[in-house]
>>> print(open('protein.cif').read())   # mmCIF, C-alpha atoms
data_input
#
loop_
_atom_site.label_atom_id
_atom_site.label_comp_id
_atom_site.auth_asym_id
_atom_site.auth_seq_id
_atom_site.Cartn_x
_atom_site.Cartn_y
_atom_site.Cartn_z
CA MET A 834 26.04 13.42 -13.30
CA GLU A 835 29.23 14.06 -11.37
CA ARG A 836 29.90 11.19 -9.02
CA ARG A 837 30.11 12.59 -5.49
CA ASN A 838 28.96 9.49 -3.70
CA ASN A 839 31.48 7.71 -1.46
CA VAL A 840 28.83 5.39 0.00
CA THR A 841 28.51 1.97 -1.67
CA TYR A 842 26.33 0.35 1.00
CA PHE A 843 24.14 1.22 3.96
CA ILE A 844 23.84 -0.34 7.41
CA LEU A 845 20.24 -0.63 8.61
CA LEU A 846 19.75 -0.61 12.37
CA GLY A 847 16.39 -2.32 11.97
CA LEU A 848 13.61 -2.33 14.54
CA THR A 849 15.67 -3.56 17.48
CA GLN A 850 19.15 -4.75 18.40
CA ASN A 851 17.88 -7.10 21.11
CA PRO A 852 18.32 -10.77 20.02
CA LYS A 853 15.26 -12.01 21.95
CA GLU A 854 13.07 -9.28 20.48
CA GLN A 855 14.43 -10.12 17.03
CA GLU A 856 13.39 -13.77 17.45
CA ILE A 857 9.86 -12.73 18.39
CA LEU A 858 9.65 -10.28 15.49
CA VAL A 859 10.86 -12.90 12.99
CA ILE A 860 8.04 -15.25 13.95
CA MET A 861 5.47 -12.44 14.02
CA PHE A 862 6.45 -10.90 10.66
CA LEU A 863 6.73 -14.30 9.01
CA LEU A 864 3.18 -15.08 10.15
CA PHE A 865 2.00 -11.66 8.90
CA TYR A 866 3.67 -12.20 5.53
CA ILE A 867 2.17 -15.68 5.08
CA LEU A 868 -1.29 -14.32 5.92
CA THR A 869 -0.72 -11.47 3.47
CA LEU A 870 0.26 -13.86 0.67
CA VAL A 871 -2.57 -16.31 1.34
CA GLY A 872 -5.25 -13.65 1.84
CA ASN A 873 -4.41 -11.54 -1.21
CA LEU A 874 -3.81 -14.55 -3.46
CA LEU A 875 -7.16 -15.99 -2.36
CA ILE A 876 -8.93 -12.75 -3.29
CA VAL A 877 -7.21 -12.56 -6.69
CA MET A 878 -7.95 -16.24 -7.45
CA THR A 879 -11.57 -16.03 -6.25
CA ILE A 880 -12.36 -12.94 -8.34
CA THR A 881 -10.55 -14.37 -11.38
CA VAL A 882 -12.32 -17.74 -11.26
CA SER A 883 -15.76 -16.75 -9.97
CA LYS A 884 -18.40 -15.90 -12.58
CA THR A 885 -20.49 -13.93 -10.08
CA LEU A 886 -17.74 -11.46 -9.16
CA ASN A 887 -17.44 -9.82 -12.57
CA SER A 888 -18.38 -6.23 -11.69
CA PRO A 889 -15.83 -3.37 -11.89
CA MET A 890 -15.71 -3.20 -8.08
CA TYR A 891 -14.18 -6.69 -7.91
CA PHE A 892 -11.82 -5.96 -10.80
CA PHE A 893 -10.38 -3.07 -8.80
CA LEU A 894 -10.38 -5.15 -5.59
CA ALA A 895 -8.34 -7.87 -7.32
CA SER A 896 -5.95 -5.18 -8.59
CA LEU A 897 -5.60 -3.77 -5.07
CA SER A 898 -4.86 -7.23 -3.66
CA PHE A 899 -2.26 -7.81 -6.38
CA LEU A 900 -0.57 -4.50 -5.54
CA ASP A 901 -0.64 -5.36 -1.83
CA LEU A 902 0.94 -8.71 -2.63
CA ILE A 903 3.88 -7.18 -4.49
CA TYR A 904 4.15 -4.21 -2.11
CA SER A 905 4.48 -6.49 0.90
CA SER A 906 6.94 -8.74 -0.97
CA SER A 907 9.21 -5.77 -1.68
CA ILE A 908 9.68 -5.15 2.06
CA SER A 909 8.72 -8.09 4.31
CA PRO A 910 11.14 -10.81 3.01
CA ARG A 911 14.13 -8.50 3.42
CA LEU A 912 12.91 -7.41 6.87
CA ILE A 913 12.47 -11.03 8.00
CA SER A 914 15.84 -12.03 6.56
CA ASP A 915 17.68 -9.18 8.31
CA LEU A 916 16.06 -10.04 11.64
CA PHE A 917 16.84 -13.77 11.27
CA PHE A 918 20.43 -13.59 9.97
CA GLY A 919 21.43 -10.28 11.52
CA GLU A 920 22.94 -9.07 8.22
CA ASN A 921 21.67 -5.54 7.99
CA THR A 922 23.81 -4.23 5.14
CA MET A 923 22.23 -3.10 1.89
CA SER A 924 23.98 -1.94 -1.27
CA PHE A 925 23.39 1.60 -2.48
CA HIS A 926 21.68 0.45 -5.67
CA PHE A 927 19.50 -2.13 -3.89
CA CYS A 928 18.44 0.61 -1.48
CA LEU A 929 17.34 2.83 -4.37
CA THR A 930 15.58 -0.13 -6.01
CA GLN A 931 13.62 -0.78 -2.83
CA LEU A 932 12.85 2.94 -2.54
CA PHE A 933 11.51 3.05 -6.11
CA THR A 934 9.46 -0.15 -5.71
CA GLU A 935 7.80 0.78 -2.43
CA HIS A 936 6.85 4.27 -3.64
CA PHE A 937 5.70 3.03 -7.05
CA LEU A 938 3.40 0.39 -5.53
CA GLY A 939 2.31 2.60 -2.63
CA GLY A 940 1.59 5.51 -4.98
CA SER A 941 -0.34 3.25 -7.34
CA GLU A 942 -2.42 2.04 -4.40
CA VAL A 943 -3.18 5.64 -3.37
CA PHE A 944 -4.62 6.44 -6.80
CA LEU A 945 -6.36 3.07 -7.05
CA LEU A 946 -8.23 3.72 -3.80
CA LEU A 947 -9.42 6.99 -5.32
CA VAL A 948 -10.59 5.11 -8.41
CA MET A 949 -12.43 2.61 -6.21
CA ALA A 950 -14.21 5.47 -4.46
CA TYR A 951 -15.28 6.83 -7.86
CA ASP A 952 -16.55 3.37 -8.81
CA ARG A 953 -18.70 3.24 -5.66
CA TYR A 954 -19.96 6.77 -6.31
CA VAL A 955 -21.13 5.83 -9.81
CA ALA A 956 -22.64 2.54 -8.61
CA ILE A 957 -24.65 4.12 -5.78
CA CYS A 958 -25.43 7.61 -7.11
CA LYS A 959 -25.83 6.77 -10.83
CA PRO A 960 -26.93 3.11 -10.84
CA LEU A 961 -28.77 3.26 -14.18
CA HIS A 962 -25.65 4.50 -15.97
CA TYR A 963 -23.15 2.36 -14.04
CA LEU A 964 -22.43 -0.29 -16.70
CA VAL A 965 -22.15 2.40 -19.38
CA ILE A 966 -19.79 4.64 -17.41
CA MET A 967 -17.70 1.85 -15.84
CA ARG A 968 -17.33 -0.32 -18.94
CA GLN A 969 -14.38 -2.67 -19.26
CA ARG A 970 -12.18 -0.33 -21.30
CA VAL A 971 -12.70 2.52 -18.84
CA CYS A 972 -11.83 0.28 -15.87
CA ALA A 973 -8.62 -0.88 -17.55
CA GLY A 974 -7.76 2.73 -18.37
CA LEU A 975 -8.32 3.85 -14.78
CA LEU A 976 -6.06 1.04 -13.54
CA VAL A 977 -3.33 2.11 -15.98
CA VAL A 978 -3.70 5.73 -14.90
CA SER A 979 -3.31 4.66 -11.25
CA CYS A 980 -0.09 2.79 -12.05
CA VAL A 981 1.24 5.68 -14.14
CA GLY A 982 0.51 8.04 -11.24
CA GLY A 983 2.44 5.77 -8.88
CA PHE A 984 5.30 5.52 -11.39
CA VAL A 985 5.59 9.30 -11.79
CA HIS A 986 5.50 9.78 -8.01
CA SER A 987 8.24 7.16 -7.54
CA VAL A 988 10.44 8.55 -10.33
CA ILE A 989 10.28 12.00 -8.72
CA GLN A 990 11.29 10.54 -5.35
CA LEU A 991 14.12 8.50 -6.86
CA SER A 992 15.51 11.33 -9.00
CA THR A 993 15.41 13.62 -5.97
CA ILE A 994 17.55 11.33 -3.83
CA TYR A 995 19.81 9.89 -6.57
CA GLY A 996 21.49 13.18 -7.41
CA LEU A 997 22.42 14.01 -3.82
CA PRO A 998 25.94 13.48 -2.38
CA PHE A 999 26.44 10.72 0.20
CA CYS A 1000 30.00 11.25 1.39
CA GLY A 1001 30.25 9.87 4.89
CA PRO A 1002 27.69 8.37 7.28
CA ASN A 1003 25.98 5.24 5.97
CA VAL A 1004 23.94 4.06 9.00
CA ILE A 1005 20.16 4.22 8.49
CA ASP A 1006 18.06 4.10 11.64
CA HIS A 1007 15.29 2.16 9.95
CA PHE A 1008 14.43 -1.33 8.65
CA MET A 1009 14.09 -0.17 5.02
CA CYS A 1010 15.26 2.58 2.71
CA ASP A 1011 12.98 5.60 2.77
CA MET A 1012 13.23 9.28 1.93
CA PHE A 1013 13.63 11.01 5.29
CA PRO A 1014 16.16 8.53 6.79
CA LEU A 1015 18.24 8.84 3.60
CA LEU A 1016 18.07 12.64 3.61
CA LYS A 1017 19.67 12.59 7.09
CA LEU A 1018 22.81 11.05 5.56
CA VAL A 1019 23.20 13.57 2.74
CA CYS A 1020 26.18 15.90 3.25
CA THR A 1021 24.54 19.06 1.93
CA ASP A 1022 21.63 21.28 2.86
CA THR A 1023 18.38 19.39 2.17
CA TYR A 1024 15.81 22.00 3.21
CA VAL A 1025 14.47 22.60 -0.32
CA ILE A 1026 14.68 18.89 -1.15
CA GLY A 1027 12.70 18.11 2.00
CA ILE A 1028 9.94 20.50 0.90
CA LEU A 1029 9.78 18.80 -2.51
CA VAL A 1030 9.51 15.39 -0.84
CA VAL A 1031 6.70 16.64 1.41
CA ILE A 1032 4.82 18.06 -1.59
CA ASN A 1033 5.29 14.92 -3.69
CA GLY A 1034 4.48 12.50 -0.88
CA GLY A 1035 2.64 14.03 2.04
CA LEU A 1036 0.66 16.79 0.33
CA SER A 1037 -0.47 14.55 -2.53
CA SER A 1038 -1.57 11.87 -0.05
CA ALA A 1039 -3.44 14.45 2.03
CA ILE A 1040 -5.24 15.82 -1.05
CA VAL A 1041 -6.27 12.33 -2.21
CA PHE A 1042 -7.39 11.48 1.33
CA LEU A 1043 -9.53 14.65 1.42
CA LEU A 1044 -11.07 13.78 -1.95
CA LEU A 1045 -11.83 10.29 -0.67
CA LEU A 1046 -13.53 11.64 2.43
CA ILE A 1047 -15.63 14.01 0.32
CA SER A 1048 -16.60 11.25 -2.12
CA TYR A 1049 -17.64 8.85 0.62
CA GLY A 1050 -19.49 11.68 2.35
CA VAL A 1051 -21.51 12.23 -0.84
CA ILE A 1052 -22.10 8.48 -1.15
CA LEU A 1053 -23.30 8.11 2.44
CA HIS A 1054 -25.58 11.12 2.03
CA SER A 1055 -27.19 9.55 -1.03
CA LEU A 1056 -27.95 6.26 0.76
CA LYS A 1057 -31.27 7.65 1.98
CA ASN A 1058 -32.61 7.20 -1.56
CA LEU A 1059 -31.96 3.44 -1.52
CA SER A 1060 -34.11 0.61 -0.23
CA PRO A 1061 -33.21 -0.82 3.22
CA LYS A 1062 -31.55 -3.86 1.61
CA GLY A 1063 -29.63 -1.73 -0.88
CA ARG A 1064 -28.62 0.67 1.89
CA GLN A 1065 -27.25 -2.18 4.00
CA LYS A 1066 -25.24 -3.61 1.09
CA ALA A 1067 -23.85 -0.18 0.18
CA LEU A 1068 -22.92 0.48 3.80
CA GLN A 1069 -21.05 -2.84 4.01
CA THR A 1070 -19.08 -2.10 0.84
CA CYS A 1071 -18.34 1.55 1.63
CA GLY A 1072 -17.56 0.68 5.23
CA SER A 1073 -14.86 -1.74 4.08
CA HIS A 1074 -13.40 0.86 1.72
CA ILE A 1075 -13.38 3.56 4.41
CA ILE A 1076 -11.59 1.30 6.91
CA VAL A 1077 -8.89 0.44 4.33
CA VAL A 1078 -8.52 4.11 3.36
CA VAL A 1079 -8.09 5.25 6.97
CA CYS A 1080 -5.63 2.44 7.83
CA PHE A 1081 -3.47 3.26 4.81
CA PHE A 1082 -3.63 7.05 4.57
CA VAL A 1083 -3.47 8.23 8.18
CA PRO A 1084 0.02 6.72 8.86
CA CYS A 1085 1.28 7.80 5.41
CA ILE A 1086 0.12 11.38 5.88
CA PHE A 1087 1.68 11.52 9.33
CA MET A 1088 4.95 10.16 7.93
CA TYR A 1089 5.29 12.37 4.85
CA ALA A 1090 3.15 15.51 5.35
CA ARG A 1091 5.57 17.09 7.81
CA PRO A 1092 9.07 18.63 7.81
CA ALA A 1093 11.85 16.27 6.73
CA LYS A 1094 12.67 14.96 10.19
CA THR A 1095 12.79 11.48 11.66
CA PHE A 1096 11.41 10.39 15.01
CA PRO A 1097 12.02 7.20 17.06
CA PHE A 1098 8.45 5.94 16.50
CA ASP A 1099 8.68 6.29 12.70
CA LYS A 1100 9.87 2.71 12.33
CA SER A 1101 6.93 1.30 14.28
CA LEU A 1102 4.50 3.43 12.29
CA SER A 1103 6.09 2.28 9.02
CA VAL A 1104 5.48 -1.34 10.04
CA PHE A 1105 1.76 -0.59 10.15
CA TYR A 1106 1.33 0.56 6.54
CA THR A 1107 4.02 -1.65 4.99
CA VAL A 1108 3.39 -4.95 6.81
CA VAL A 1109 0.11 -4.86 8.75
CA THR A 1110 -2.20 -3.03 6.32
CA PRO A 1111 -1.55 -5.35 3.33
CA MET A 1112 -2.43 -8.24 5.65
CA LEU A 1113 -5.60 -6.58 6.97
CA ASN A 1114 -7.03 -5.56 3.59
CA PRO A 1115 -8.12 -9.10 2.54
CA LEU A 1116 -9.69 -9.70 5.97
CA ILE A 1117 -11.58 -6.39 5.87
CA TYR A 1118 -12.89 -6.90 2.33
CA SER A 1119 -13.73 -10.60 2.61
CA LEU A 1120 -15.29 -10.64 6.08
CA ARG A 1121 -17.50 -7.61 5.39
CA ASN A 1122 -18.57 -8.72 1.89
CA SER A 1123 -21.12 -11.54 1.70
CA GLU A 1124 -20.67 -11.98 -2.07
CA MET A 1125 -16.92 -12.43 -1.65
CA THR A 1126 -17.40 -14.83 1.26
CA ASN A 1127 -19.92 -16.94 -0.67
CA ALA A 1128 -17.66 -17.01 -3.75
CA MET A 1129 -14.73 -18.19 -1.60
CA LYS A 1130 -16.89 -20.95 -0.08
CA THR A 1131 -18.02 -22.06 -3.55
CA LEU A 1132 -14.43 -22.10 -4.79
CA TRP A 1133 -13.34 -24.09 -1.73
CA ARG A 1134 -16.14 -26.67 -2.23
CA LYS A 1135 -15.16 -27.11 -5.88
CA LYS A 1136 -11.53 -27.62 -4.92
CA CYS A 1137 -12.45 -30.10 -2.21
CA GLY A 1138 -14.84 -31.90 -4.56
CA SER A 1139 -12.26 -32.24 -7.32
CA SER A 1140 -9.64 -33.43 -4.79
CA SER A 1141 -11.93 -36.16 -3.43
CA LYS A 1142 -12.62 -37.44 -6.92
#
>>> encode(input="protein.cif", output="structure tokens")
Amino acid sequence: MERRNNVTYFILLGLTQNPKEQEILVIMFLLFYILTLVGNLLIVMTITVSKTLNSPMYFFLASLSFLDLIYSSSISPRLISDLFFGENTMSFHFCLTQLFTEHFLGGSEVFLLLVMAYDRYVAICKPLHYLVIMRQRVCAGLLVVSCVGGFVHSVIQLSTIYGLPFCGPNVIDHFMCDMFPLLKLVCTDTYVIGILVVINGGLSSAIVFLLLLISYGVILHSLKNLSPKGRQKALQTCGSHIIVVVCFFVPCIFMYARPAKTFPFDKSLSVFYTVVTPMLNPLIYSLRNSEMTNAMKTLWRKKCGSSSK
């Protein structure tokens, strides 16, 4: 590829230039990140150690928590560091690395949420065939397919931006590298590229979101065939999934399923699905799931018991 890139680094304006606001945001985001690490690690450890949480649903939940853990770690530490030290420069290659990582993990999570909806559909609508359909090899295969889907999505995004010429402005009005803020700095017409980005990001997210809504609609419709106890348990599980789906997809669709333009509130909206949502997921799943809560209590008692001895 002919090298037409005069930009070796970018300057990120971040969320605010006000020192007092930066101090508040450092404390807030550090607290969010710690809660994200602790919450998601606790879910992964509990599901891994517990003998009662061995169903496919918990396998996928542990995978989602692991993705959230890495996804948050690809963005939050750098965000906190920039706010604390005030050094908002980022090399060109680090920017592309962050872009690839966030879209790979975010894309994998999109497909994994679809897989989790399919798992709930089979469990509730075809309970007698559940263990046959969702056997261990199939679950592992679905997880791999989710990651491959995220990888392909990210490679398309990266290859789209990597071949474009950056020959002047290098100031990004954002706290991270993302597609639309980068396209603003490209010194060529990006209309067609913007459409490709919308199709690869926004349209695909909107389609998956629609499929998720349809699948959960079918699941909720079928709950009338269950016993009151089974209906309550299914509602708790599906309710948690629906909350996570809405929190993740609605901001993403708004960000990417639109013309390639940036708005002042984009940065605040990005904080929600990159920082807040990975922190909320463990709380939503654990607080609304009695099996998970009981398994965490059992694990905690065992740890406390072994420590006292």
>>> resolve_selection(input="protein.cif", expression="the PyMOL selection byres ((chain A and resi 921-923) around 10)", output="VMD selection string")
chain A and resid 841 to 847 911 to 912 914 to 916 918 to 920 924 to 929 1003 to 1005 1008 to 1010
>>> closest_residue(input="protein.cif", among="A:Thr1023, A:Leu1116, A:Ala1090, A:Leu875", to="Phe899 in chain A", atoms="only C-alpha atoms")
A:Leu875
>>> resolve_selection(input="protein.cif", expression="the PyMOL selection byres ((chain A and resi 940-957) around 9)", output="PyMOL selection string")
chain A and resi 889-890+893-894+896-897+900-901+935-939+958-964+966-967+972+975-976+978-987+1034+1038+1041-1042+1044-1045+1048-1049+1051-1052+1055-1056+1059+1067+1070-1071+1074+1077-1078+1081-1082
>>> write_last_selection(input="protein.cif", atoms="C-alpha atoms", output="short mmCIF file (atom, residue, chain, number, x, y, z; two decimals), keeping the file's coordinate frame")
data_model
loop_
_atom_site.label_atom_id
_atom_site.label_comp_id
_atom_site.auth_asym_id
_atom_site.auth_seq_id
_atom_site.Cartn_x
_atom_site.Cartn_y
_atom_site.Cartn_z
CA PRO A 889 -15.83 -3.37 -11.89
CA MET A 890 -15.71 -3.20 -8.08
CA PHE A 893 -10.38 -3.07 -8.80
CA LEU A 894 -10.38 -5.15 -5.59
CA SER A 896 -5.95 -5.18 -8.59
CA LEU A 897 -5.60 -3.77 -5.07
CA LEU A 900 -0.57 -4.50 -5.54
CA ASP A 901 -0.64 -5.36 -1.83
CA GLU A 935 7.80 0.78 -2.43
CA HIS A 936 6.85 4.27 -3.64
CA PHE A 937 5.70 3.03 -7.05
CA LEU A 938 3.40 0.39 -5.53
CA GLY A 939 2.31 2.60 -2.63
CA CYS A 958 -25.43 7.61 -7.11
CA LYS A 959 -25.83 6.77 -10.83
CA PRO A 960 -26.93 3.11 -10.84
CA LEU A 961 -28.77 3.26 -14.18
CA HIS A 962 -25.65 4.50 -15.97
CA TYR A 963 -23.15 2.36 -14.04
CA LEU A 964 -22.43 -0.29 -16.70
CA ILE A 966 -19.79 4.64 -17.41
CA MET A 967 -17.70 1.85 -15.84
CA CYS A 972 -11.83 0.28 -15.87
CA LEU A 975 -8.32 3.85 -14.78
CA LEU A 976 -6.06 1.04 -13.54
CA VAL A 978 -3.70 5.73 -14.90
CA SER A 979 -3.31 4.66 -11.25
CA CYS A 980 -0.09 2.79 -12.05
CA VAL A 981 1.24 5.68 -14.14
CA GLY A 982 0.51 8.04 -11.24
CA GLY A 983 2.44 5.77 -8.88
CA PHE A 984 5.30 5.52 -11.39
CA VAL A 985 5.59 9.30 -11.79
CA HIS A 986 5.50 9.78 -8.01
CA SER A 987 8.24 7.16 -7.54
CA GLY A 1034 4.48 12.50 -0.88
CA SER A 1038 -1.57 11.87 -0.05
CA VAL A 1041 -6.27 12.33 -2.21
CA PHE A 1042 -7.39 11.48 1.33
CA LEU A 1044 -11.07 13.78 -1.95
CA LEU A 1045 -11.83 10.29 -0.67
CA SER A 1048 -16.60 11.25 -2.12
CA TYR A 1049 -17.64 8.85 0.62
CA VAL A 1051 -21.51 12.23 -0.84
CA ILE A 1052 -22.10 8.48 -1.15
CA SER A 1055 -27.19 9.55 -1.03
CA LEU A 1056 -27.95 6.26 0.76
CA LEU A 1059 -31.96 3.44 -1.52
CA ALA A 1067 -23.85 -0.18 0.18
CA THR A 1070 -19.08 -2.10 0.84
CA CYS A 1071 -18.34 1.55 1.63
CA HIS A 1074 -13.40 0.86 1.72
CA VAL A 1077 -8.89 0.44 4.33
CA VAL A 1078 -8.52 4.11 3.36
CA PHE A 1081 -3.47 3.26 4.81
CA PHE A 1082 -3.63 7.05 4.57
#
>>> atom_distance(input="protein.cif", atom1="CA of Arg1134 in chain A", atom2="CA of Lys1062 in chain A")
27.8 Å
>>> atom_distance(input="protein.cif", atom1="CA of Leu848 in chain A", atom2="CA of Val1025 in chain A")
29.0 Å
>>> atom_distance(input="protein.cif", atom1="CA of Lys1130 in chain A", atom2="CA of Ser888 in chain A")
18.8 Å
>>> resolve_selection(input="protein.cif", expression="the PyMOL selection byres ((chain A and resi 871) around 12)", output="ChimeraX atom specification")
/A:864-870,872-879,898-899,901-902,1111-1116
>>> closest_residue(input="protein.cif", among="A:Asn1033, A:Ser1123, A:Asn839, A:Thr1021", to="Val988 in chain A", atoms="all atoms listed in the file")
A:Asn1033
>>> residues_around(input="protein.cif", residues="Lys1017 in chain A", least_positions_apart="6", cutoff="12 Å", atoms="only C-alpha atoms", output="NGL selection string")
:A and (994 or 997-1007 or 1010-1011 or 1023-1024 or 1026-1027 or 1093-1096)
>>> closest_residue(input="protein.cif", among="A:Cys1085, A:Cys1080, A:Leu1068, A:Ile880", to="Arg1121 in chain A", atoms="all atoms listed in the file")
A:Leu1068
>>> axis_aligned_box(input="protein.cif", around="range 950-959 of chain A", padding_each_side="3 Å", output="lines of an AutoDock Vina configuration file")
center_x = -20.0
center_y = 5.1
center_z = -7.6
size_x = 17.6
size_y = 11.1
size_z = 12.4
>>> residues_near_point(input="protein.cif", point="(4.5, -6.2, 9.1)", cutoff="9 Å", atoms="all atoms listed in the file", output="PyMOL selection string")
chain A and resi 861-863+865-866+905+908-909+912+1103-1112
>>> closest_residue(input="protein.cif", among="A:Trp1133, A:Tyr1089, A:Phe1098, A:Tyr995", to="Thr930 in chain A", atoms="only C-alpha atoms")
A:Tyr995
>>> decode(input="protein.cif", residues="range 1113-1127 of chain A", atoms="N, CA and C atoms", output="compact mmCIF listing (two decimals), in the first residue's frame")
# COMPACT_ATOMS: atom_id res chain seq x y z
N LEU A 1113 -22.50 -2.98 34.72
CA LEU A 1113 -23.87 -3.32 35.09
C LEU A 1113 -24.21 -4.79 34.83
N ASN A 1114 -23.61 -5.38 33.82
CA ASN A 1114 -23.95 -6.76 33.46
C ASN A 1114 -23.86 -7.74 34.63
N PRO A 1115 -22.74 -7.75 35.39
CA PRO A 1115 -22.69 -8.68 36.53
C PRO A 1115 -23.77 -8.42 37.56
N LEU A 1116 -24.07 -7.14 37.82
CA LEU A 1116 -25.11 -6.80 38.79
C LEU A 1116 -26.48 -7.30 38.32
N ILE A 1117 -26.77 -7.09 37.04
CA ILE A 1117 -28.07 -7.50 36.49
C ILE A 1117 -28.22 -9.01 36.55
N TYR A 1118 -27.18 -9.74 36.14
CA TYR A 1118 -27.28 -11.20 36.09
C TYR A 1118 -27.28 -11.82 37.49
N SER A 1119 -26.45 -11.29 38.38
CA SER A 1119 -26.32 -11.92 39.70
C SER A 1119 -27.50 -11.59 40.61
N LEU A 1120 -27.94 -10.32 40.59
CA LEU A 1120 -29.02 -9.92 41.49
C LEU A 1120 -30.37 -10.51 41.09
N ARG A 1121 -30.55 -10.80 39.80
CA ARG A 1121 -31.83 -11.32 39.32
C ARG A 1121 -31.81 -12.84 39.15
N ASN A 1122 -30.73 -13.48 39.57
CA ASN A 1122 -30.60 -14.93 39.39
C ASN A 1122 -30.32 -15.56 40.75
N SER A 1123 -31.30 -16.27 41.29
CA SER A 1123 -31.16 -16.85 42.63
C SER A 1123 -30.08 -17.95 42.64
N GLU A 1124 -29.97 -18.72 41.57
CA GLU A 1124 -28.95 -19.77 41.52
C GLU A 1124 -27.55 -19.18 41.57
N MET A 1125 -27.35 -18.09 40.82
CA MET A 1125 -26.05 -17.42 40.83
C MET A 1125 -25.76 -16.83 42.21
N THR A 1126 -26.75 -16.20 42.80
CA THR A 1126 -26.57 -15.60 44.13
C THR A 1126 -26.23 -16.65 45.18
N ASN A 1127 -26.94 -17.78 45.15
CA ASN A 1127 -26.68 -18.86 46.10
C ASN A 1127 -25.29 -19.47 45.90
